[in-house]
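File shown: start08.cif (mmCIF, N, CA and C atoms).
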data_run
#
loop_
_atom_site.label_atom_id
_atom_site.label_comp_id
_atom_site.auth_asym_id
_atom_site.auth_seq_id
_atom_site.Cartn_x
_atom_site.Cartn_y
_atom_site.Cartn_z
N MET A 151 -91.47 -53.31 96.80
CA MET A 151 -90.43 -52.41 96.33
C MET A 151 -89.86 -52.96 95.04
N ALA A 152 -89.54 -52.07 94.14
CA ALA A 152 -88.95 -52.52 92.89
C ALA A 152 -87.57 -51.93 92.66
N TYR A 153 -87.42 -50.62 92.78
CA TYR A 153 -86.14 -49.98 92.50
C TYR A 153 -85.49 -49.49 93.78
N VAL A 154 -84.14 -49.60 93.79
CA VAL A 154 -83.35 -49.27 94.97
C VAL A 154 -82.17 -48.43 94.53
N ILE A 155 -81.85 -47.41 95.32
CA ILE A 155 -80.66 -46.61 95.07
C ILE A 155 -79.55 -47.13 95.98
N ALA A 156 -78.41 -47.47 95.39
CA ALA A 156 -77.32 -48.10 96.13
C ALA A 156 -76.10 -47.18 96.25
N GLU A 157 -75.00 -47.76 96.60
CA GLU A 157 -73.77 -47.05 96.98
C GLU A 157 -73.23 -45.99 96.03
N PRO A 158 -73.32 -46.17 94.71
CA PRO A 158 -72.76 -45.13 93.84
C PRO A 158 -73.38 -43.75 94.01
N CYS A 159 -74.53 -43.66 94.67
CA CYS A 159 -75.20 -42.37 94.89
C CYS A 159 -74.67 -41.66 96.14
N VAL A 160 -74.10 -42.40 97.07
CA VAL A 160 -73.68 -41.84 98.35
C VAL A 160 -72.69 -40.70 98.12
N ASP A 161 -73.00 -39.56 98.68
CA ASP A 161 -72.21 -38.33 98.60
C ASP A 161 -72.13 -37.75 97.19
N VAL A 162 -72.95 -38.26 96.27
CA VAL A 162 -72.99 -37.75 94.89
C VAL A 162 -74.33 -37.05 94.66
N LYS A 163 -75.43 -37.77 94.84
CA LYS A 163 -76.80 -37.26 94.70
C LYS A 163 -76.99 -36.39 93.44
N ASP A 164 -76.76 -36.95 92.28
CA ASP A 164 -76.88 -36.22 91.02
C ASP A 164 -78.29 -35.68 90.78
N LYS A 165 -79.30 -36.40 91.14
CA LYS A 165 -80.72 -36.02 91.07
C LYS A 165 -81.33 -36.04 89.67
N ALA A 166 -80.66 -36.58 88.66
CA ALA A 166 -81.29 -36.75 87.35
C ALA A 166 -82.51 -37.65 87.49
N CYS A 167 -82.44 -38.61 88.38
CA CYS A 167 -83.55 -39.52 88.62
C CYS A 167 -84.76 -38.79 89.19
N VAL A 168 -84.51 -37.82 90.05
CA VAL A 168 -85.59 -37.04 90.66
C VAL A 168 -86.39 -36.32 89.57
N ASP A 169 -85.68 -35.74 88.63
CA ASP A 169 -86.34 -35.02 87.53
C ASP A 169 -87.17 -35.95 86.65
N GLU A 170 -86.76 -37.20 86.55
CA GLU A 170 -87.42 -38.16 85.66
C GLU A 170 -88.59 -38.89 86.31
N CYS A 171 -88.63 -38.95 87.63
CA CYS A 171 -89.65 -39.72 88.35
C CYS A 171 -91.04 -39.09 88.20
N PRO A 172 -91.99 -39.84 87.61
CA PRO A 172 -93.32 -39.27 87.39
C PRO A 172 -94.19 -39.20 88.65
N VAL A 173 -93.79 -39.89 89.72
CA VAL A 173 -94.61 -39.90 90.94
C VAL A 173 -93.92 -39.24 92.13
N ASP A 174 -92.77 -38.61 91.91
CA ASP A 174 -92.10 -37.82 92.96
C ASP A 174 -91.80 -38.65 94.21
N CYS A 175 -91.25 -39.85 94.01
CA CYS A 175 -91.02 -40.75 95.15
C CYS A 175 -89.55 -40.91 95.53
N ILE A 176 -88.67 -40.06 94.99
CA ILE A 176 -87.25 -40.15 95.30
C ILE A 176 -86.90 -39.00 96.24
N TYR A 177 -86.58 -39.37 97.48
CA TYR A 177 -86.36 -38.41 98.55
C TYR A 177 -84.86 -38.23 98.80
N GLU A 178 -84.52 -37.05 99.30
CA GLU A 178 -83.12 -36.71 99.55
C GLU A 178 -82.79 -36.82 101.03
N GLY A 179 -81.83 -37.71 101.33
CA GLY A 179 -81.27 -37.76 102.67
C GLY A 179 -80.03 -36.87 102.70
N GLN A 180 -79.28 -36.93 103.77
CA GLN A 180 -78.09 -36.10 103.87
C GLN A 180 -77.00 -36.54 102.91
N ARG A 181 -76.79 -37.85 102.76
CA ARG A 181 -75.69 -38.35 101.93
C ARG A 181 -76.13 -39.06 100.66
N THR A 182 -77.39 -39.46 100.60
CA THR A 182 -77.84 -40.23 99.44
C THR A 182 -79.33 -39.98 99.18
N LEU A 183 -79.81 -40.52 98.09
CA LEU A 183 -81.23 -40.45 97.75
C LEU A 183 -81.87 -41.80 98.07
N TYR A 184 -83.18 -41.79 98.32
CA TYR A 184 -83.93 -43.00 98.66
C TYR A 184 -85.22 -43.03 97.84
N ILE A 185 -85.54 -44.20 97.30
CA ILE A 185 -86.81 -44.40 96.62
C ILE A 185 -87.79 -44.97 97.63
N ASN A 186 -88.93 -44.29 97.79
CA ASN A 186 -89.94 -44.77 98.73
C ASN A 186 -90.63 -45.99 98.12
N PRO A 187 -90.48 -47.16 98.74
CA PRO A 187 -91.07 -48.38 98.17
C PRO A 187 -92.59 -48.37 98.16
N ASN A 188 -93.21 -47.55 98.99
CA ASN A 188 -94.67 -47.48 99.04
C ASN A 188 -95.24 -46.51 98.01
N GLU A 189 -94.43 -45.63 97.48
CA GLU A 189 -94.89 -44.64 96.51
C GLU A 189 -94.44 -44.95 95.09
N CYS A 190 -93.39 -45.74 94.94
CA CYS A 190 -92.86 -46.09 93.62
C CYS A 190 -93.88 -46.93 92.84
N VAL A 191 -94.06 -46.60 91.56
CA VAL A 191 -94.99 -47.35 90.72
C VAL A 191 -94.27 -48.32 89.78
N ASP A 192 -93.00 -48.52 90.03
CA ASP A 192 -92.19 -49.51 89.29
C ASP A 192 -92.08 -49.22 87.80
N CYS A 193 -92.09 -47.94 87.42
CA CYS A 193 -92.02 -47.60 86.00
C CYS A 193 -90.61 -47.74 85.43
N GLY A 194 -89.59 -47.61 86.28
CA GLY A 194 -88.22 -47.75 85.83
C GLY A 194 -87.64 -46.55 85.13
N ALA A 195 -88.34 -45.43 85.10
CA ALA A 195 -87.84 -44.24 84.41
C ALA A 195 -86.55 -43.71 85.02
N CYS A 196 -86.35 -43.92 86.30
CA CYS A 196 -85.18 -43.41 87.00
C CYS A 196 -83.88 -44.13 86.64
N GLU A 197 -83.97 -45.41 86.40
CA GLU A 197 -82.77 -46.23 86.22
C GLU A 197 -81.88 -45.79 85.06
N PRO A 198 -82.38 -45.60 83.85
CA PRO A 198 -81.48 -45.28 82.74
C PRO A 198 -80.89 -43.87 82.78
N VAL A 199 -81.47 -42.97 83.55
CA VAL A 199 -80.95 -41.60 83.58
C VAL A 199 -79.91 -41.39 84.68
N CYS A 200 -79.70 -42.34 85.53
CA CYS A 200 -78.74 -42.20 86.63
C CYS A 200 -77.31 -42.26 86.08
N PRO A 201 -76.56 -41.15 86.18
CA PRO A 201 -75.21 -41.14 85.61
C PRO A 201 -74.20 -41.99 86.39
N THR A 202 -74.50 -42.30 87.64
CA THR A 202 -73.57 -43.13 88.42
C THR A 202 -73.98 -44.59 88.45
N GLU A 203 -75.07 -44.93 87.75
CA GLU A 203 -75.59 -46.30 87.70
C GLU A 203 -75.83 -46.85 89.10
N ALA A 204 -76.48 -46.03 89.93
CA ALA A 204 -76.75 -46.39 91.32
C ALA A 204 -78.11 -47.03 91.52
N ILE A 205 -78.98 -47.02 90.51
CA ILE A 205 -80.35 -47.51 90.66
C ILE A 205 -80.48 -48.89 90.04
N PHE A 206 -81.04 -49.79 90.84
CA PHE A 206 -81.19 -51.19 90.42
C PHE A 206 -82.60 -51.67 90.72
N TYR A 207 -83.10 -52.55 89.87
CA TYR A 207 -84.30 -53.30 90.23
C TYR A 207 -83.87 -54.17 91.40
N GLU A 208 -84.71 -54.32 92.40
CA GLU A 208 -84.29 -54.99 93.63
C GLU A 208 -83.68 -56.37 93.40
N ASP A 209 -84.17 -57.13 92.45
CA ASP A 209 -83.63 -58.47 92.18
C ASP A 209 -82.27 -58.41 91.49
N ASP A 210 -81.89 -57.25 90.98
CA ASP A 210 -80.62 -57.10 90.27
C ASP A 210 -79.53 -56.40 91.09
N LEU A 211 -79.81 -56.12 92.35
CA LEU A 211 -78.81 -55.48 93.20
C LEU A 211 -77.58 -56.38 93.34
N PRO A 212 -76.40 -55.83 93.18
CA PRO A 212 -75.20 -56.63 93.46
C PRO A 212 -75.24 -57.12 94.91
N GLU A 213 -74.73 -58.30 95.14
CA GLU A 213 -74.84 -58.93 96.46
C GLU A 213 -74.32 -58.03 97.59
N ASP A 214 -73.23 -57.32 97.37
CA ASP A 214 -72.67 -56.45 98.41
C ASP A 214 -73.58 -55.27 98.74
N TRP A 215 -74.53 -54.98 97.87
CA TRP A 215 -75.39 -53.82 98.05
C TRP A 215 -76.84 -54.18 98.36
N THR A 216 -77.15 -55.43 98.60
CA THR A 216 -78.54 -55.81 98.87
C THR A 216 -79.07 -55.14 100.13
N TRP A 217 -78.21 -54.76 101.04
CA TRP A 217 -78.66 -54.10 102.27
C TRP A 217 -79.28 -52.73 102.01
N TYR A 218 -79.01 -52.13 100.84
CA TYR A 218 -79.62 -50.84 100.52
C TYR A 218 -81.14 -50.94 100.40
N LYS A 219 -81.64 -52.10 100.03
CA LYS A 219 -83.09 -52.30 99.99
C LYS A 219 -83.66 -52.16 101.40
N ASP A 220 -83.04 -52.84 102.36
CA ASP A 220 -83.49 -52.75 103.75
C ASP A 220 -83.27 -51.35 104.32
N ALA A 221 -82.22 -50.68 103.87
CA ALA A 221 -81.96 -49.31 104.34
C ALA A 221 -83.08 -48.38 103.91
N ALA A 222 -83.58 -48.54 102.69
CA ALA A 222 -84.69 -47.70 102.22
C ALA A 222 -85.95 -47.99 103.02
N VAL A 223 -86.23 -49.25 103.26
CA VAL A 223 -87.41 -49.61 104.05
C VAL A 223 -87.30 -49.01 105.45
N SER A 224 -86.13 -49.11 106.06
CA SER A 224 -85.90 -48.57 107.39
C SER A 224 -86.03 -47.04 107.41
N PHE A 225 -85.48 -46.39 106.39
CA PHE A 225 -85.55 -44.93 106.27
C PHE A 225 -87.00 -44.46 106.26
N PHE A 226 -87.83 -45.09 105.43
CA PHE A 226 -89.23 -44.67 105.32
C PHE A 226 -90.08 -45.15 106.48
N ALA A 227 -89.66 -46.21 107.17
CA ALA A 227 -90.36 -46.61 108.39
C ALA A 227 -90.21 -45.51 109.44
N GLU A 228 -89.08 -44.83 109.42
CA GLU A 228 -88.83 -43.75 110.37
C GLU A 228 -89.51 -42.45 109.95
N VAL A 229 -89.36 -42.05 108.68
CA VAL A 229 -89.89 -40.75 108.25
C VAL A 229 -91.35 -40.81 107.80
N GLY A 230 -91.81 -41.99 107.44
CA GLY A 230 -93.19 -42.16 106.99
C GLY A 230 -93.35 -41.91 105.50
N ASP A 231 -94.55 -42.09 105.03
CA ASP A 231 -94.89 -41.82 103.64
C ASP A 231 -95.36 -40.37 103.58
N LEU A 232 -94.56 -39.53 102.95
CA LEU A 232 -94.79 -38.09 102.98
C LEU A 232 -95.61 -37.58 101.81
N GLY A 233 -95.92 -38.45 100.84
CA GLY A 233 -96.79 -38.07 99.75
C GLY A 233 -96.15 -37.23 98.66
N GLY A 234 -94.84 -37.25 98.58
CA GLY A 234 -94.14 -36.53 97.53
C GLY A 234 -92.87 -35.88 98.03
N ALA A 235 -91.79 -36.15 97.33
CA ALA A 235 -90.48 -35.66 97.74
C ALA A 235 -90.33 -34.16 97.61
N THR A 236 -90.93 -33.58 96.59
CA THR A 236 -90.76 -32.14 96.36
C THR A 236 -91.30 -31.34 97.54
N ALA A 237 -92.50 -31.67 97.98
CA ALA A 237 -93.10 -30.96 99.11
C ALA A 237 -92.35 -31.22 100.41
N ALA A 238 -91.81 -32.44 100.55
CA ALA A 238 -91.11 -32.80 101.78
C ALA A 238 -89.77 -32.09 101.89
N GLY A 239 -89.10 -31.89 100.76
CA GLY A 239 -87.77 -31.29 100.78
C GLY A 239 -86.74 -32.27 101.34
N PRO A 240 -85.49 -31.84 101.46
CA PRO A 240 -84.45 -32.72 102.01
C PRO A 240 -84.82 -33.17 103.43
N ILE A 241 -84.58 -34.42 103.71
CA ILE A 241 -84.96 -35.01 104.99
C ILE A 241 -83.96 -34.65 106.10
N GLY A 242 -82.69 -34.52 105.79
CA GLY A 242 -81.73 -34.06 106.78
C GLY A 242 -81.02 -35.13 107.58
N HIS A 243 -81.32 -36.38 107.30
CA HIS A 243 -80.58 -37.47 107.94
C HIS A 243 -80.59 -38.68 107.01
N ASP A 244 -79.88 -39.71 107.39
CA ASP A 244 -79.81 -40.93 106.60
C ASP A 244 -80.05 -42.14 107.49
N GLU A 245 -80.24 -43.26 106.84
CA GLU A 245 -80.36 -44.54 107.53
C GLU A 245 -78.99 -44.81 108.19
N PRO A 246 -78.96 -45.38 109.39
CA PRO A 246 -77.70 -45.55 110.13
C PRO A 246 -76.57 -46.24 109.37
N ARG A 247 -76.88 -47.22 108.53
CA ARG A 247 -75.81 -47.90 107.77
C ARG A 247 -75.19 -46.97 106.74
N VAL A 248 -75.97 -46.05 106.19
CA VAL A 248 -75.44 -45.07 105.25
C VAL A 248 -74.57 -44.07 106.00
N VAL A 249 -75.03 -43.63 107.17
CA VAL A 249 -74.26 -42.70 107.99
C VAL A 249 -72.89 -43.31 108.31
N ALA A 250 -72.84 -44.61 108.54
CA ALA A 250 -71.60 -45.28 108.94
C ALA A 250 -70.60 -45.48 107.80
N LEU A 251 -71.00 -45.25 106.57
CA LEU A 251 -70.08 -45.42 105.44
C LEU A 251 -68.94 -44.41 105.51
N PRO A 252 -67.76 -44.78 105.02
CA PRO A 252 -66.64 -43.83 105.02
C PRO A 252 -67.00 -42.57 104.22
N ALA A 253 -66.47 -41.46 104.64
CA ALA A 253 -66.78 -40.18 103.99
C ALA A 253 -66.30 -40.12 102.55
N ASP A 254 -65.29 -40.86 102.20
CA ASP A 254 -64.73 -40.80 100.86
C ASP A 254 -65.13 -41.99 99.99
N ILE A 255 -66.27 -42.58 100.27
CA ILE A 255 -66.69 -43.82 99.59
C ILE A 255 -66.77 -43.66 98.07
N ASN A 256 -67.15 -42.50 97.57
CA ASN A 256 -67.24 -42.29 96.13
C ASN A 256 -66.38 -41.12 95.66
N ALA A 257 -65.29 -40.92 96.38
CA ALA A 257 -64.38 -39.81 95.99
C ALA A 257 -63.46 -40.22 94.86
#

Just dump the structure as structure tokens.
Amino acid sequence: MAYVIAEPCVDVKDKACVDECPVDCIYEGQRTLYINPNECVDCGACEPVCPTEAIFYEDDLPEDWTWYKDAAVSFFAEVGDLGGATAAGPIGHDEPRVVALPADINA
């Protein structure tokens, strides 16, 4: 895995990154977006277009947000590798730690 979407995306989901991703590996959960670590080609195109600065190279994640890397792995372990976010559409749920976040986390 190279890129991770962290807390600033929760309940925002701007999706500028989705439009920029050349391999369609950014999936939509209920409260946040997730980058599939098995489909990402590490191009970094998503990072500079994110208006909330929620996307980090995994080694650059702020310490309080390192769990988002594991959350993405857990999310895709459950839903599988779907071969493209556009065809899959919104997934309809989130990783349990994301679900547990306060509703007003980015209000």

Evaluating the PyMOL selection byres (((chain A and resi 174-181 and name CA) around 7) and name CA) on the displayed file yields which residues, as number ranges by chain? A: 160-161, 168, 171-173, 182-186, 189-190, 234-236, 240-244

Given the file shown, enumerate the residues that the PyMOL selection byres (((chain A and resi 218 and name CA) around 8) and name CA) captures and present them as an mmCIF file with N, CA and C atoms, in the frame of the given file.
data_model
loop_
_atom_site.group_PDB
_atom_site.id
_atom_site.type_symbol
_atom_site.label_atom_id
_atom_site.label_comp_id
_atom_site.auth_asym_id
_atom_site.auth_seq_id
_atom_site.Cartn_x
_atom_site.Cartn_y
_atom_site.Cartn_z
ATOM 1 N N VAL A 154 -84.140 -49.600 93.790
ATOM 2 C CA VAL A 154 -83.350 -49.270 94.970
ATOM 3 C C VAL A 154 -82.170 -48.430 94.530
ATOM 4 N N ILE A 155 -81.850 -47.410 95.320
ATOM 5 C CA ILE A 155 -80.660 -46.610 95.070
ATOM 6 C C ILE A 155 -79.550 -47.130 95.980
ATOM 7 N N ALA A 156 -78.410 -47.470 95.390
ATOM 8 C CA ALA A 156 -77.320 -48.100 96.130
ATOM 9 C C ALA A 156 -76.100 -47.180 96.250
ATOM 10 N N GLU A 157 -75.000 -47.760 96.600
ATOM 11 C CA GLU A 157 -73.770 -47.050 96.980
ATOM 12 C C GLU A 157 -73.230 -45.990 96.030
ATOM 13 N N TRP A 215 -74.530 -54.980 97.870
ATOM 14 C CA TRP A 215 -75.390 -53.820 98.050
ATOM 15 C C TRP A 215 -76.840 -54.180 98.360
ATOM 16 N N THR A 216 -77.150 -55.430 98.600
ATOM 17 C CA THR A 216 -78.540 -55.810 98.870
ATOM 18 C C THR A 216 -79.070 -55.140 100.130
ATOM 19 N N TRP A 217 -78.210 -54.760 101.040
ATOM 20 C CA TRP A 217 -78.660 -54.100 102.270
ATOM 21 C C TRP A 217 -79.280 -52.730 102.010
ATOM 22 N N LYS A 219 -81.640 -52.100 100.030
ATOM 23 C CA LYS A 219 -83.090 -52.300 99.990
ATOM 24 C C LYS A 219 -83.660 -52.160 101.400
ATOM 25 N N ASP A 220 -83.040 -52.840 102.360
ATOM 26 C CA ASP A 220 -83.490 -52.750 103.750
ATOM 27 C C ASP A 220 -83.270 -51.350 104.320
ATOM 28 N N ALA A 221 -82.220 -50.680 103.870
ATOM 29 C CA ALA A 221 -81.960 -49.310 104.340
ATOM 30 C C ALA A 221 -83.080 -48.380 103.910
ATOM 31 N N ALA A 222 -83.580 -48.540 102.690
ATOM 32 C CA ALA A 222 -84.690 -47.700 102.220
ATOM 33 C C ALA A 222 -85.950 -47.990 103.020
#

Using the chain letters and numbering of this document, enumerate as an MDAnalysis selection string the residues selected by the PyMOL selection byres (((chain A and resi 195 and name CA) around 10) and name CA). chainID A and resid 167:172 192:194 196:200

Name the residues of segment 186-237 of chain A that come out as alpha helix (DSSP H) in a backbone DSSP run; write them as JSON, numbers by chain. {"A": [196, 197, 198, 199, 217, 218, 219, 220, 221, 222, 223, 224, 225, 226, 227, 228, 229, 235, 236, 237]}

Determine the nearest neighbour of Glu203 of chain A from the options A:Val229, A:Cys159, A:Ala152, A:Ala237, counting all atoms listed in the file.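 Result for the nearest residue to Glu203 of chain A: A:Cys159.
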
Just the strand (DSSP E or B) stuff from chain A, please, per backbone DSSP, written as a list in words. Tyr153, Val154, Ile155, Ile176, Tyr177, Glu178, Leu183, Tyr184, Ile185, Ile205, Phe206 and Tyr207 of chain A

Now that the selection is made, can you save its residues with N, CA and C atoms as a PDB file, in the coordinates of the input?
ATOM      1  N   TYR A 153     -87.420 -50.620  92.780  1.00  0.00           N
ATOM      2  CA  TYR A 153     -86.140 -49.980  92.500  1.00  0.00           C
ATOM      3  C   TYR A 153     -85.490 -49.490  93.780  1.00  0.00           C
ATOM      4  N   VAL A 154     -84.140 -49.600  93.790  1.00  0.00           N
ATOM      5  CA  VAL A 154     -83.350 -49.270  94.970  1.00  0.00           C
ATOM      6  C   VAL A 154     -82.170 -48.430  94.530  1.00  0.00           C
ATOM      7  N   ILE A 155     -81.850 -47.410  95.320  1.00  0.00           N
ATOM      8  CA  ILE A 155     -80.660 -46.610  95.070  1.00  0.00           C
ATOM      9  C   ILE A 155     -79.550 -47.130  95.980  1.00  0.00           C
ATOM     10  N   ILE A 176     -88.670 -40.060  94.990  1.00  0.00           N
ATOM     11  CA  ILE A 176     -87.250 -40.150  95.300  1.00  0.00           C
ATOM     12  C   ILE A 176     -86.900 -39.000  96.240  1.00  0.00           C
ATOM     13  N   TYR A 177     -86.580 -39.370  97.480  1.00  0.00           N
ATOM     14  CA  TYR A 177     -86.360 -38.410  98.550  1.00  0.00           C
ATOM     15  C   TYR A 177     -84.860 -38.230  98.800  1.00  0.00           C
ATOM     16  N   GLU A 178     -84.520 -37.050  99.300  1.00  0.00           N
ATOM     17  CA  GLU A 178     -83.120 -36.710  99.550  1.00  0.00           C
ATOM     18  C   GLU A 178     -82.790 -36.820 101.030  1.00  0.00           C
ATOM     19  N   LEU A 183     -79.810 -40.520  98.090  1.00  0.00           N
ATOM     20  CA  LEU A 183     -81.230 -40.450  97.750  1.00  0.00           C
ATOM     21  C   LEU A 183     -81.870 -41.800  98.070  1.00  0.00           C
ATOM     22  N   TYR A 184     -83.180 -41.790  98.320  1.00  0.00           N
ATOM     23  CA  TYR A 184     -83.930 -43.000  98.660  1.00  0.00           C
ATOM     24  C   TYR A 184     -85.220 -43.030  97.840  1.00  0.00           C
ATOM     25  N   ILE A 185     -85.540 -44.200  97.300  1.00  0.00           N
ATOM     26  CA  ILE A 185     -86.810 -44.400  96.620  1.00  0.00           C
ATOM     27  C   ILE A 185     -87.790 -44.970  97.630  1.00  0.00           C
ATOM     28  N   ILE A 205     -78.980 -47.020  90.510  1.00  0.00           N
ATOM     29  CA  ILE A 205     -80.350 -47.510  90.660  1.00  0.00           C
ATOM     30  C   ILE A 205     -80.480 -48.890  90.040  1.00  0.00           C
ATOM     31  N   PHE A 206     -81.040 -49.790  90.840  1.00  0.00           N
ATOM     32  CA  PHE A 206     -81.190 -51.190  90.420  1.00  0.00           C
ATOM     33  C   PHE A 206     -82.600 -51.670  90.720  1.00  0.00           C
ATOM     34  N   TYR A 207     -83.100 -52.550  89.870  1.00  0.00           N
ATOM     35  CA  TYR A 207     -84.300 -53.300  90.230  1.00  0.00           C
ATOM     36  C   TYR A 207     -83.870 -54.170  91.400  1.00  0.00           C
TER      37      TYR A 207
END

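Between Phe225 of chain A and the candidates A:Pro201, A:Pro158, A:Pro246, A:Pro252, the tightest atom-to-atom separation, counting only C-alpha atoms, involves A:Pro246.
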